[in-house]
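Peer 1: My structure file data_22.cif, mmCIF, C-alpha atoms and all ligand atoms, is below:
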data_work
#
loop_
_atom_site.label_atom_id
_atom_site.label_comp_id
_atom_site.auth_asym_id
_atom_site.auth_seq_id
_atom_site.Cartn_x
_atom_site.Cartn_y
_atom_site.Cartn_z
CA ALA Y 824 0.00 0.00 0.00
CA ALA Y 825 1.20 3.53 -0.72
CA SER Y 826 2.43 5.47 2.31
CA ASP Y 827 0.37 8.36 3.71
CA PRO Y 828 1.79 11.39 1.79
CA ASP Y 829 1.47 13.60 4.86
CA LEU Y 830 3.57 11.23 6.95
CA VAL Y 831 6.13 10.87 4.15
CA GLU Y 832 6.48 14.63 4.08
CA ARG Y 833 6.80 14.86 7.88
CA ALA Y 834 9.46 12.13 7.92
CA ARG Y 835 11.38 13.93 5.17
CA ALA Y 836 11.17 17.26 7.00
CA ALA Y 837 12.31 15.74 10.30
CA ARG Y 838 15.23 13.98 8.62
CA GLU Y 839 16.26 17.20 6.96
CA ALA Y 840 16.04 19.14 10.22
CA LEU Y 841 18.26 16.56 11.94
CA GLY Y 842 20.79 16.32 9.08
CA GLU Y 843 24.01 14.51 10.03
CA ARG Y 844 22.89 14.27 13.66
CA VAL Y 845 20.79 11.21 12.86
CA PHE Y 846 21.77 7.93 11.22
CA VAL Y 847 18.91 5.61 10.21
CA LEU Y 848 19.55 1.87 9.83
CA GLY Y 849 16.99 -0.47 8.24
CA HIS Y 850 16.88 -4.27 8.26
CA HIS Y 851 15.82 -5.94 5.00
CA TYR Y 852 12.58 -7.18 6.60
CA GLN Y 853 11.34 -3.65 7.22
CA ARG Y 854 8.35 -2.23 5.39
CA ASP Y 855 9.03 -0.25 2.17
CA GLU Y 856 7.53 2.86 3.80
CA VAL Y 857 10.31 2.69 6.41
CA ILE Y 858 13.16 1.43 4.20
CA GLN Y 859 12.85 4.54 2.00
CA PHE Y 860 14.18 6.62 4.91
CA ALA Y 861 17.12 4.36 5.82
CA ASP Y 862 20.68 5.64 5.28
CA VAL Y 863 21.83 2.03 5.09
CA THR Y 864 19.99 -1.25 4.75
CA GLY Y 865 21.39 -4.66 5.53
CA ASP Y 866 21.18 -8.04 7.17
CA SER Y 867 21.92 -8.22 10.85
CA PHE Y 868 25.68 -8.66 10.30
CA LYS Y 869 26.00 -5.70 7.93
CA LEU Y 870 23.95 -3.49 10.24
CA ALA Y 871 26.08 -4.47 13.25
CA ARG Y 872 29.18 -3.45 11.28
CA ASP Y 873 27.62 -0.29 9.88
CA ALA Y 874 26.16 0.90 13.20
CA ALA Y 875 29.51 2.39 14.21
CA ALA Y 876 30.13 3.91 10.76
CA ARG Y 877 28.90 7.42 11.67
CA PRO Y 878 30.56 8.41 14.95
CA GLU Y 879 29.44 12.00 14.33
CA ALA Y 880 25.75 11.04 14.48
CA GLU Y 881 24.24 11.72 17.90
CA TYR Y 882 21.24 9.50 17.25
CA ILE Y 883 21.05 6.06 15.69
CA VAL Y 884 17.45 5.27 14.75
CA PHE Y 885 17.29 1.51 14.39
CA CYS Y 886 14.52 0.21 12.14
CA GLY Y 887 14.70 -3.44 13.05
CA VAL Y 888 14.11 -5.40 16.24
CA HIS Y 889 15.18 -5.00 19.86
CA PHE Y 890 18.27 -7.27 19.86
CA MET Y 891 19.67 -5.39 16.85
CA ALA Y 892 19.22 -2.03 18.58
CA GLU Y 893 20.95 -3.42 21.69
CA SER Y 894 23.90 -4.56 19.57
CA ALA Y 895 24.05 -1.14 17.93
CA ASP Y 896 24.17 0.48 21.38
CA ILE Y 897 27.02 -1.85 22.42
CA LEU Y 898 29.01 -1.18 19.25
CA THR Y 899 28.59 2.59 19.08
CA GLY Y 900 30.23 5.35 21.11
CA ASP Y 901 28.99 6.48 24.54
CA HIS Y 902 27.99 9.85 23.07
CA GLN Y 903 25.57 8.13 20.65
CA GLN Y 904 22.00 7.26 21.58
CA VAL Y 905 20.12 4.39 19.96
CA VAL Y 906 16.37 4.68 19.36
CA LEU Y 907 13.98 1.83 18.50
CA PRO Y 908 10.83 3.47 17.07
CA ASP Y 909 8.52 0.88 18.69
CA LEU Y 910 9.65 -0.87 21.87
CA ALA Y 911 7.29 -3.76 21.12
CA ALA Y 912 9.47 -4.73 18.14
CA GLY Y 913 11.03 -7.78 19.79
CA CYS Y 914 11.86 -11.19 18.35
CA SER Y 915 10.05 -14.36 19.37
CA MET Y 916 13.19 -16.41 18.75
CA ALA Y 917 15.37 -14.21 20.95
CA ASP Y 918 12.70 -14.53 23.67
CA MET Y 919 13.07 -18.33 23.61
CA ALA Y 920 16.38 -18.14 25.50
CA ARG Y 921 16.38 -16.29 28.83
CA ILE Y 922 19.58 -15.68 30.72
CA LEU Y 923 18.45 -17.60 33.82
CA GLN Y 924 17.56 -20.62 31.68
CA VAL Y 925 20.93 -20.45 29.92
CA GLU Y 926 22.79 -20.21 33.24
CA ASP Y 927 20.87 -23.25 34.50
CA ALA Y 928 21.71 -25.13 31.31
CA TRP Y 929 25.40 -24.28 31.81
CA ALA Y 930 25.17 -25.66 35.36
CA ARG Y 931 23.67 -28.82 33.83
CA LEU Y 932 26.70 -29.06 31.50
CA GLU Y 933 29.03 -28.58 34.47
CA GLU Y 934 27.23 -31.38 36.29
CA ALA Y 935 27.81 -33.66 33.29
CA GLY Y 936 31.47 -32.60 33.20
CA VAL Y 937 31.30 -31.04 29.72
CA ALA Y 938 31.11 -27.28 30.35
CA ALA Y 939 34.90 -26.80 30.34
CA SER Y 940 35.15 -28.23 26.82
CA THR Y 941 32.07 -26.38 25.49
CA VAL Y 942 32.15 -23.04 23.65
CA PRO Y 943 28.90 -21.04 23.82
CA ILE Y 944 28.00 -19.42 20.50
CA THR Y 945 24.92 -17.26 20.28
CA TYR Y 946 23.13 -16.16 17.16
CA MET Y 947 22.84 -12.38 16.92
CA ASN Y 948 19.11 -12.93 17.53
CA SER Y 949 19.48 -13.02 21.32
CA SER Y 950 19.34 -10.55 24.19
CA ALA Y 951 22.45 -8.61 25.24
CA ASP Y 952 22.73 -10.58 28.50
CA ILE Y 953 23.08 -13.82 26.53
CA LYS Y 954 25.74 -12.30 24.29
CA SER Y 955 27.43 -11.19 27.50
CA PHE Y 956 27.23 -14.75 28.90
CA CYS Y 957 28.99 -16.00 25.75
CA GLY Y 958 31.69 -13.33 26.00
CA ARG Y 959 32.37 -14.19 29.65
CA ASN Y 960 32.58 -17.91 28.91
CA GLY Y 961 35.03 -17.80 26.00
CA GLY Y 962 32.40 -17.77 23.26
CA ALA Y 963 31.22 -15.50 20.48
CA VAL Y 964 28.25 -14.14 18.56
CA CYS Y 965 27.46 -15.16 14.99
CA THR Y 966 24.91 -14.21 12.35
CA SER Y 967 23.49 -16.21 9.49
CA SER Y 968 26.27 -14.87 7.24
CA ASN Y 969 29.16 -16.12 9.38
CA ALA Y 970 27.81 -19.06 11.40
CA LYS Y 971 30.17 -21.44 9.54
CA GLN Y 972 33.25 -19.35 10.39
CA ALA Y 973 32.08 -18.99 14.00
CA LEU Y 974 31.73 -22.78 14.42
CA GLU Y 975 35.10 -23.37 12.75
CA TRP Y 976 36.63 -20.87 15.17
CA ALA Y 977 34.94 -22.57 18.14
CA PHE Y 978 36.29 -26.03 17.23
CA SER Y 979 39.72 -25.03 15.95
CA PRO Y 980 42.81 -25.26 18.23
CA GLU Y 981 43.88 -21.84 16.89
CA GLY Y 982 40.47 -20.47 17.85
CA ALA Y 983 38.56 -21.37 21.00
CA GLY Y 984 39.72 -25.01 20.88
CA GLY Y 985 36.37 -26.44 22.03
CA GLU Y 986 35.19 -30.02 21.71
CA LYS Y 987 31.53 -28.98 21.77
CA VAL Y 988 29.42 -25.94 20.99
CA LEU Y 989 26.36 -24.80 22.90
CA PHE Y 990 24.45 -23.02 20.12
CA LEU Y 991 21.83 -20.43 21.17
CA PRO Y 992 18.95 -19.88 20.52
CA ASP Y 993 18.19 -21.12 16.96
CA GLN Y 994 18.38 -24.89 16.70
CA HIS Y 995 17.86 -24.73 12.92
CA LEU Y 996 20.75 -22.39 12.11
CA GLY Y 997 22.96 -24.45 14.45
CA ARG Y 998 21.97 -27.78 12.91
CA ASN Y 999 22.03 -26.58 9.30
CA THR Y 1000 25.46 -25.02 9.69
CA ALA Y 1001 26.99 -27.96 11.57
CA VAL Y 1002 25.64 -30.63 9.23
CA LEU Y 1003 25.65 -28.92 5.84
CA GLN Y 1004 28.72 -26.70 6.23
CA LEU Y 1005 30.99 -28.41 8.75
CA GLY Y 1006 30.20 -32.00 7.75
CA LEU Y 1007 29.01 -33.12 11.19
CA SER Y 1008 26.16 -35.63 11.31
CA LEU Y 1009 22.67 -35.30 12.73
CA ASP Y 1010 23.77 -37.78 15.41
CA ASP Y 1011 26.38 -35.27 16.58
CA CYS Y 1012 23.53 -32.91 17.57
CA VAL Y 1013 21.34 -32.97 20.70
CA VAL Y 1014 18.55 -30.56 21.57
CA ILE Y 1015 18.67 -28.69 24.87
CA ASP Y 1016 15.05 -28.12 25.84
CA PRO Y 1017 14.63 -25.53 28.60
CA HIS Y 1018 11.10 -26.73 29.28
CA LYS Y 1019 12.03 -30.34 30.10
CA PRO Y 1020 13.48 -31.64 33.36
CA GLY Y 1021 17.27 -31.91 33.06
CA PHE Y 1022 16.92 -30.03 29.74
CA GLY Y 1023 15.72 -33.26 28.13
CA VAL Y 1024 19.18 -34.82 27.78
CA THR Y 1025 21.12 -37.50 29.61
CA ASP Y 1026 24.74 -37.08 30.74
CA ASP Y 1027 25.79 -39.68 28.15
CA GLU Y 1028 24.05 -37.76 25.36
CA LEU Y 1029 25.76 -34.56 26.45
CA ARG Y 1030 29.16 -36.28 26.50
CA ALA Y 1031 28.70 -37.86 23.07
CA ALA Y 1032 27.34 -34.80 21.23
CA LYS Y 1033 29.37 -32.10 19.48
CA MET Y 1034 26.50 -29.63 18.93
CA LEU Y 1035 24.20 -28.80 21.84
CA LEU Y 1036 21.31 -27.02 20.14
CA TRP Y 1037 19.05 -24.75 22.17
CA LYS Y 1038 15.42 -25.46 21.39
CA GLY Y 1039 14.52 -22.13 19.79
CA HIS Y 1040 13.28 -21.31 16.32
CA CYS Y 1041 12.02 -18.45 14.18
CA SER Y 1042 8.24 -18.35 14.01
CA VAL Y 1043 8.43 -16.95 10.46
CA HIS Y 1044 11.05 -19.20 8.84
CA GLY Y 1045 9.87 -22.22 10.83
CA ARG Y 1046 6.66 -22.21 8.79
CA PHE Y 1047 8.24 -23.30 5.51
CA THR Y 1048 7.94 -27.04 4.94
CA ALA Y 1049 9.44 -29.73 2.70
CA GLU Y 1050 5.95 -29.97 1.13
CA SER Y 1051 6.11 -26.31 0.04
CA VAL Y 1052 9.43 -27.04 -1.67
CA ALA Y 1053 7.98 -30.08 -3.48
CA GLU Y 1054 4.83 -28.16 -4.42
CA VAL Y 1055 6.69 -25.20 -5.94
CA ARG Y 1056 8.99 -27.52 -7.92
CA GLU Y 1057 5.92 -29.20 -9.36
CA ARG Y 1058 4.25 -25.88 -10.18
CA ILE Y 1059 7.32 -24.13 -11.68
CA PRO Y 1060 9.58 -26.83 -13.18
CA ASP Y 1061 12.78 -24.76 -13.57
CA VAL Y 1062 12.46 -22.97 -10.27
CA ASN Y 1063 15.49 -22.31 -8.03
CA VAL Y 1064 14.66 -22.66 -4.37
CA LEU Y 1065 16.51 -20.12 -2.22
CA VAL Y 1066 16.02 -20.15 1.56
CA HIS Y 1067 17.31 -18.63 4.78
CA PRO Y 1068 19.21 -20.99 7.15
CA GLU Y 1069 16.66 -20.35 9.92
CA CYS Y 1070 14.38 -22.75 7.99
CA GLN Y 1071 13.93 -26.33 9.20
CA HIS Y 1072 16.64 -28.81 8.21
CA GLU Y 1073 14.53 -30.69 5.65
CA VAL Y 1074 13.62 -27.42 3.90
CA VAL Y 1075 17.27 -26.38 3.65
CA VAL Y 1076 18.26 -29.86 2.45
CA GLY Y 1077 15.60 -29.64 -0.26
CA ALA Y 1078 16.64 -26.13 -1.39
CA ASP Y 1079 19.15 -25.20 -4.10
CA TYR Y 1080 20.68 -22.22 -2.31
CA VAL Y 1081 20.83 -21.16 1.32
CA GLY Y 1082 22.07 -17.97 2.96
CA SER Y 1083 21.42 -14.80 4.91
CA THR Y 1084 19.15 -12.05 3.66
CA GLU Y 1085 22.13 -10.19 2.18
CA TYR Y 1086 23.11 -13.40 0.31
CA ILE Y 1087 19.53 -13.83 -0.92
CA ILE Y 1088 19.51 -10.29 -2.35
CA LYS Y 1089 22.87 -10.73 -4.08
CA THR Y 1090 21.94 -14.13 -5.51
CA ILE Y 1091 18.73 -12.78 -7.04
CA ALA Y 1092 20.52 -9.68 -8.38
CA ALA Y 1093 23.12 -11.86 -10.13
CA ALA Y 1094 20.55 -14.30 -11.58
CA PRO Y 1095 19.88 -14.21 -15.34
CA ALA Y 1096 16.74 -12.56 -16.71
CA GLY Y 1097 13.96 -15.08 -17.19
CA SER Y 1098 15.07 -17.30 -14.30
CA ALA Y 1099 12.54 -18.39 -11.68
CA TRP Y 1100 13.02 -18.24 -7.90
CA ALA Y 1101 11.00 -19.44 -4.93
CA VAL Y 1102 12.28 -17.61 -1.89
CA GLY Y 1103 11.89 -18.81 1.69
CA THR Y 1104 12.33 -15.77 3.88
CA GLU Y 1105 10.28 -12.88 5.28
CA LEU Y 1106 7.59 -11.56 2.97
CA ASN Y 1107 8.47 -7.82 2.93
CA LEU Y 1108 11.85 -8.76 1.46
CA VAL Y 1109 10.43 -11.23 -1.07
CA LYS Y 1110 7.88 -8.68 -2.28
CA ARG Y 1111 10.59 -6.02 -2.63
CA LEU Y 1112 12.78 -8.44 -4.61
CA ALA Y 1113 9.86 -9.25 -6.91
CA SER Y 1114 9.17 -5.58 -7.63
CA GLU Y 1115 12.87 -4.73 -8.12
CA HIS Y 1116 13.41 -7.60 -10.60
CA PRO Y 1117 10.44 -7.63 -12.98
CA ASP Y 1118 12.57 -9.55 -15.52
CA LYS Y 1119 12.67 -12.58 -13.18
CA THR Y 1120 9.91 -14.72 -11.74
CA ILE Y 1121 10.09 -14.40 -7.96
CA VAL Y 1122 7.54 -16.17 -5.79
CA PHE Y 1123 7.13 -16.71 -2.08
CA LEU Y 1124 7.85 -20.27 -0.96
CA GLU Y 1125 4.60 -20.73 0.92
CA LYS Y 1126 0.93 -20.29 0.21
CA THR Y 1127 0.24 -18.49 3.46
CA VAL Y 1128 1.47 -14.99 4.22
CA CYS Y 1129 4.54 -14.79 6.48
CA PHE Y 1130 5.49 -11.30 7.60
CA CYS Y 1131 7.56 -10.98 10.73
CA ALA Y 1132 4.94 -9.37 12.98
CA THR Y 1133 7.49 -7.67 15.20
CA MET Y 1134 9.61 -6.28 12.36
CA ASN Y 1135 6.35 -4.89 10.94
CA ARG Y 1136 5.67 -2.96 14.13
CA ILE Y 1137 8.13 -0.34 12.95
CA ASP Y 1138 5.87 1.56 10.59
CA LEU Y 1139 5.89 5.09 9.24
CA PRO Y 1140 3.83 6.59 12.11
CA HIS Y 1141 6.33 5.22 14.67
CA LEU Y 1142 9.32 6.40 12.64
CA VAL Y 1143 7.84 9.91 12.26
CA TRP Y 1144 7.06 10.01 15.99
CA ALA Y 1145 10.66 9.05 16.89
CA LEU Y 1146 12.21 11.52 14.42
CA GLU Y 1147 9.96 14.45 15.32
CA ASN Y 1148 10.74 13.96 19.00
CA LEU Y 1149 14.46 14.03 18.21
CA VAL Y 1150 13.93 17.31 16.37
CA GLU Y 1151 12.38 18.64 19.59
CA GLY Y 1152 15.39 17.37 21.57
CA ARG Y 1153 13.49 14.47 23.19
CA VAL Y 1154 15.02 10.99 22.90
CA VAL Y 1155 12.13 8.53 22.98
CA ASN Y 1156 12.47 4.74 23.18
CA ARG Y 1157 16.17 4.80 23.93
CA ILE Y 1158 17.84 1.38 24.04
CA GLU Y 1159 20.66 1.32 26.54
CA VAL Y 1160 22.59 -1.73 27.68
CA ASP Y 1161 24.20 -1.50 31.15
CA ALA Y 1162 28.00 -1.17 31.22
CA ASP Y 1163 28.90 -4.62 32.57
CA THR Y 1164 26.58 -6.49 30.20
CA ALA Y 1165 27.77 -4.32 27.33
CA HIS Y 1166 31.45 -4.99 28.13
CA TRP Y 1167 31.17 -8.78 27.86
CA ALA Y 1168 28.67 -8.68 25.00
CA ARG Y 1169 31.16 -6.52 23.13
CA VAL Y 1170 33.88 -9.14 23.73
CA ALA Y 1171 31.60 -11.72 22.06
CA LEU Y 1172 30.63 -9.33 19.24
CA ASP Y 1173 34.27 -8.36 18.61
CA ARG Y 1174 35.19 -12.05 18.32
CA MET Y 1175 32.55 -12.29 15.60
CA LEU Y 1176 33.77 -9.14 13.84
CA ALA Y 1177 37.31 -10.61 13.82
CA LEU Y 1178 36.23 -13.82 12.04
CA PRO Y 1179 37.66 -14.31 8.55
CA GLY Y 1180 35.45 -12.75 5.84
P1 LIG D 1 19.82 -11.99 8.77
O1 LIG D 1 19.58 -10.54 8.81
O2 LIG D 1 21.15 -12.32 9.41
O3 LIG D 1 19.70 -12.61 7.44
O4 LIG D 1 18.76 -12.69 9.75
C1 LIG D 1 17.42 -12.69 9.50
C2 LIG D 1 16.61 -12.44 10.68
O5 LIG D 1 15.78 -13.19 11.05
C3 LIG D 1 16.78 -11.22 11.39
O6 LIG D 1 15.88 -11.22 12.39
FE1 LIG D 2 12.93 -12.92 15.00
FE2 LIG D 2 12.23 -14.51 12.97
FE3 LIG D 2 11.33 -12.01 13.08
FE4 LIG D 2 13.91 -12.47 12.55
S1 LIG D 2 12.16 -13.04 11.27
S2 LIG D 2 13.08 -10.95 13.96
S3 LIG D 2 14.27 -14.32 13.83
S4 LIG D 2 10.87 -13.69 14.56
#
Spit out the file's structure as structure tokens when you get a sec.
Ligand code: 13P
Ligand code: SF4
Peer 2:
Amino acid sequence: AASDPDLVERARAAREALGERVFVLGHHYQRDEVIQFADVTGDSFKLARDAAARPEAEYIVFCGVHFMAESADILTGDHQQVVLPDLAAGCSMADMARILQVEDAWARLEEAGVAASTVPITYMNSSADIKSFCGRNGGAVCTSSNAKQALEWAFSPEGAGGEKVLFLPDQHLGRNTAVLQLGLSLDDCVVIDPHKPGFGVTDDELRAAKMLLWKGHCSVHGRFTAESVAEVRERIPDVNVLVHPECQHEVVVGADYVGSTEYIIKTIAAAPAGSAWAVGTELNLVKRLASEHPDKTIVFLEKTVCFCATMNRIDLPHLVWALENLVEGRVVNRIEVDADTAHWARVALDRMLALPG
């Protein structure tokens, strides 16, 4: 739908009034009405790197979800303030791992005698206190564009030298990366279920496994199924199936290409005219790709509609409200991580930023 012209004008005027004092970041899953006002767009890795790119900007307006804004606060200077236009823009996956649960799980690993040889790796999609836990315990953060390098680092003697990885909170990214990119087997993986007594694993299972996968998932990407892949192949015979690694293992196994949102965009851009693509990721991005590449057939890999409800909370009215308040000198919806949490989370984030390209 077209944006309200009045709001577009107000957003433009507020941006102009703020000039270089504001830096607006937009994740690829954001609505078009919001993306048009972003200084940079990207996947979560690119945005984490770019957040610190404008040290002269007093305000970072983060059009994305809460954990991304927290990471931006950790990675930017103390003089910079991060604003999330709607505080209800969380992430259901990040909410599936709470720090107290993770600390209890670590105690469970200690009990089984495996904590000392385990490296905790958390997906970017987690709260700052979990990133901090990983930093304090010799681990790192990863995103969907560097999960392979992060696991290689965790297992390598030149890196963290671990025998096992506790992977938080997305079991699918952990499993897909371990099995399809590191050559581990499904039998090397066990699921750590915070809702089961003893986390649903025996000491023997913990000792035998290499990947301890937290039982979290993305409610958007988790909806794609192996049946949708089969159905689209039947419907469009030459179709290329391109999915995000947050999808379930059987969906990724059945796809032709897998990668982060940035990878998805680049792959479609480089594809020849006339080629056909079924894309398994958030719908705002798939729709944008379809409208930017009219010479290619681009369809959504599912019959039902899958927006990320929390990403969609950042809409033009919220962005205008945040910007106009900044013009008036009021910082609304500031995201601020406390100094101790930020210190250790930064250690884990810096380990990620130091991974080979
Ligand atoms: P990327 O931005 O790393 O592709 O991750 C997708 C996502 O789910 C962000 O919430
Ligand atoms: Fe979280 Fe999934 Fe939405 Fe990303 S798409 S913000 S992982 S719920």
Peer 1: Expressed in Å to a single decimal, how great is the separation between atom O4 of ligand LIG 1 (chain D) and CA of Ser950 in chain Y?
Peer 2: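 Rounded to one decimal, the two atoms are 14.6 Å apart.
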Peer 1: Set the distance at 9 Å and use all atoms listed in the file: which residues neighbour range 869-877 of chain Y once local chain neighbours fewer than 2 positions away are removed? I'd like the list as a ChimeraX atom specification.
Peer 2: /Y:843,846,848-850,863-867,879-881,883,885,891,894-896,898-900,1085,1172,1176
Peer 1: Could you dump the residues just selected with C-alpha atoms as an mmCIF file, in the coordinates of the input?
Peer 2:
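Output saved as result27.cif:
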data_model
loop_
_atom_site.group_PDB
_atom_site.id
_atom_site.type_symbol
_atom_site.label_atom_id
_atom_site.label_comp_id
_atom_site.auth_asym_id
_atom_site.auth_seq_id
_atom_site.Cartn_x
_atom_site.Cartn_y
_atom_site.Cartn_z
ATOM 1 C CA GLU Y 843 24.010 14.510 10.030
ATOM 2 C CA PHE Y 846 21.770 7.930 11.220
ATOM 3 C CA LEU Y 848 19.550 1.870 9.830
ATOM 4 C CA GLY Y 849 16.990 -0.470 8.240
ATOM 5 C CA HIS Y 850 16.880 -4.270 8.260
ATOM 6 C CA VAL Y 863 21.830 2.030 5.090
ATOM 7 C CA THR Y 864 19.990 -1.250 4.750
ATOM 8 C CA GLY Y 865 21.390 -4.660 5.530
ATOM 9 C CA ASP Y 866 21.180 -8.040 7.170
ATOM 10 C CA SER Y 867 21.920 -8.220 10.850
ATOM 11 C CA GLU Y 879 29.440 12.000 14.330
ATOM 12 C CA ALA Y 880 25.750 11.040 14.480
ATOM 13 C CA GLU Y 881 24.240 11.720 17.900
ATOM 14 C CA ILE Y 883 21.050 6.060 15.690
ATOM 15 C CA PHE Y 885 17.290 1.510 14.390
ATOM 16 C CA MET Y 891 19.670 -5.390 16.850
ATOM 17 C CA SER Y 894 23.900 -4.560 19.570
ATOM 18 C CA ALA Y 895 24.050 -1.140 17.930
ATOM 19 C CA ASP Y 896 24.170 0.480 21.380
ATOM 20 C CA LEU Y 898 29.010 -1.180 19.250
ATOM 21 C CA THR Y 899 28.590 2.590 19.080
ATOM 22 C CA GLY Y 900 30.230 5.350 21.110
ATOM 23 C CA GLU Y 1085 22.130 -10.190 2.180
ATOM 24 C CA LEU Y 1172 30.630 -9.330 19.240
ATOM 25 C CA LEU Y 1176 33.770 -9.140 13.840
#
Peer 1: Mind listing the residues within 9 Å of ligand LIG 2 (chain D), only C-alpha atoms and all ligand atoms counted, as number ranges by chain?
Peer 2: Y: 852, 887-890, 912-918, 948, 993, 1040-1045, 1069, 1104-1105, 1130-1135
Peer 1: Go ahead and dump the residues you just picked, C-alpha atoms, as a compact mmCIF listing (two decimals), keeping the file's coordinate frame.
Peer 2:
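The result, stored in out13.txt:
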# COMPACT_ATOMS: atom_id res chain seq x y z
CA TYR Y 852 12.58 -7.18 6.60
CA GLY Y 887 14.70 -3.44 13.05
CA VAL Y 888 14.11 -5.40 16.24
CA HIS Y 889 15.18 -5.00 19.86
CA PHE Y 890 18.27 -7.27 19.86
CA ALA Y 912 9.47 -4.73 18.14
CA GLY Y 913 11.03 -7.78 19.79
CA CYS Y 914 11.86 -11.19 18.35
CA SER Y 915 10.05 -14.36 19.37
CA MET Y 916 13.19 -16.41 18.75
CA ALA Y 917 15.37 -14.21 20.95
CA ASP Y 918 12.70 -14.53 23.67
CA ASN Y 948 19.11 -12.93 17.53
CA ASP Y 993 18.19 -21.12 16.96
CA HIS Y 1040 13.28 -21.31 16.32
CA CYS Y 1041 12.02 -18.45 14.18
CA SER Y 1042 8.24 -18.35 14.01
CA VAL Y 1043 8.43 -16.95 10.46
CA HIS Y 1044 11.05 -19.20 8.84
CA GLY Y 1045 9.87 -22.22 10.83
CA GLU Y 1069 16.66 -20.35 9.92
CA THR Y 1104 12.33 -15.77 3.88
CA GLU Y 1105 10.28 -12.88 5.28
CA PHE Y 1130 5.49 -11.30 7.60
CA CYS Y 1131 7.56 -10.98 10.73
CA ALA Y 1132 4.94 -9.37 12.98
CA THR Y 1133 7.49 -7.67 15.20
CA MET Y 1134 9.61 -6.28 12.36
CA ASN Y 1135 6.35 -4.89 10.94
Peer 1: What do you get as a short mmCIF file (atom, residue, chain, number, x, y, z; two decimals) with C-alpha atoms, in the frame of the given file if you pick all residues at most 6 Å from ligand LIG 1 (chain D), counting all atoms listed in the file?
Peer 2:
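Now in pocket-v1.cif:
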data_model
loop_
_atom_site.label_atom_id
_atom_site.label_comp_id
_atom_site.auth_asym_id
_atom_site.auth_seq_id
_atom_site.Cartn_x
_atom_site.Cartn_y
_atom_site.Cartn_z
CA ASP Y 866 21.18 -8.04 7.17
CA SER Y 867 21.92 -8.22 10.85
CA PHE Y 868 25.68 -8.66 10.30
CA THR Y 966 24.91 -14.21 12.35
CA SER Y 967 23.49 -16.21 9.49
CA SER Y 1083 21.42 -14.80 4.91
CA THR Y 1084 19.15 -12.05 3.66
#
Peer 1: So which one's closest to Leu1106 in chain Y, Y:Arg835, Y:Asn1148, Y:Gln853, Y:Val1143? Using all atoms listed in the file, please.
Peer 2: Y:Gln853
Peer 1: Can you measure CA of Lys1110 in chain Y to CA of Ser1098 in chain Y for me? One decimal in Å is fine.
Peer 2: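 Spanning CA of Lys1110 in chain Y to CA of Ser1098 in chain Y is a straight-line distance of 16.4 Å.
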Peer 1: One decimal, in Å: what's the spacing between CA of Ala1001 in chain Y and CA of Ala1165 in chain Y?
Peer 2: 28.4 Å
Peer 1: Pick out the closest residue to Ala1053 in chain Y from this set: Y:Cys1012, Y:Ala930, Y:Leu1029, Y:Leu1124. Count only C-alpha atoms.
Peer 2: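 Among the listed residues, Y:Leu1124 lies closest to Ala1053 in chain Y.
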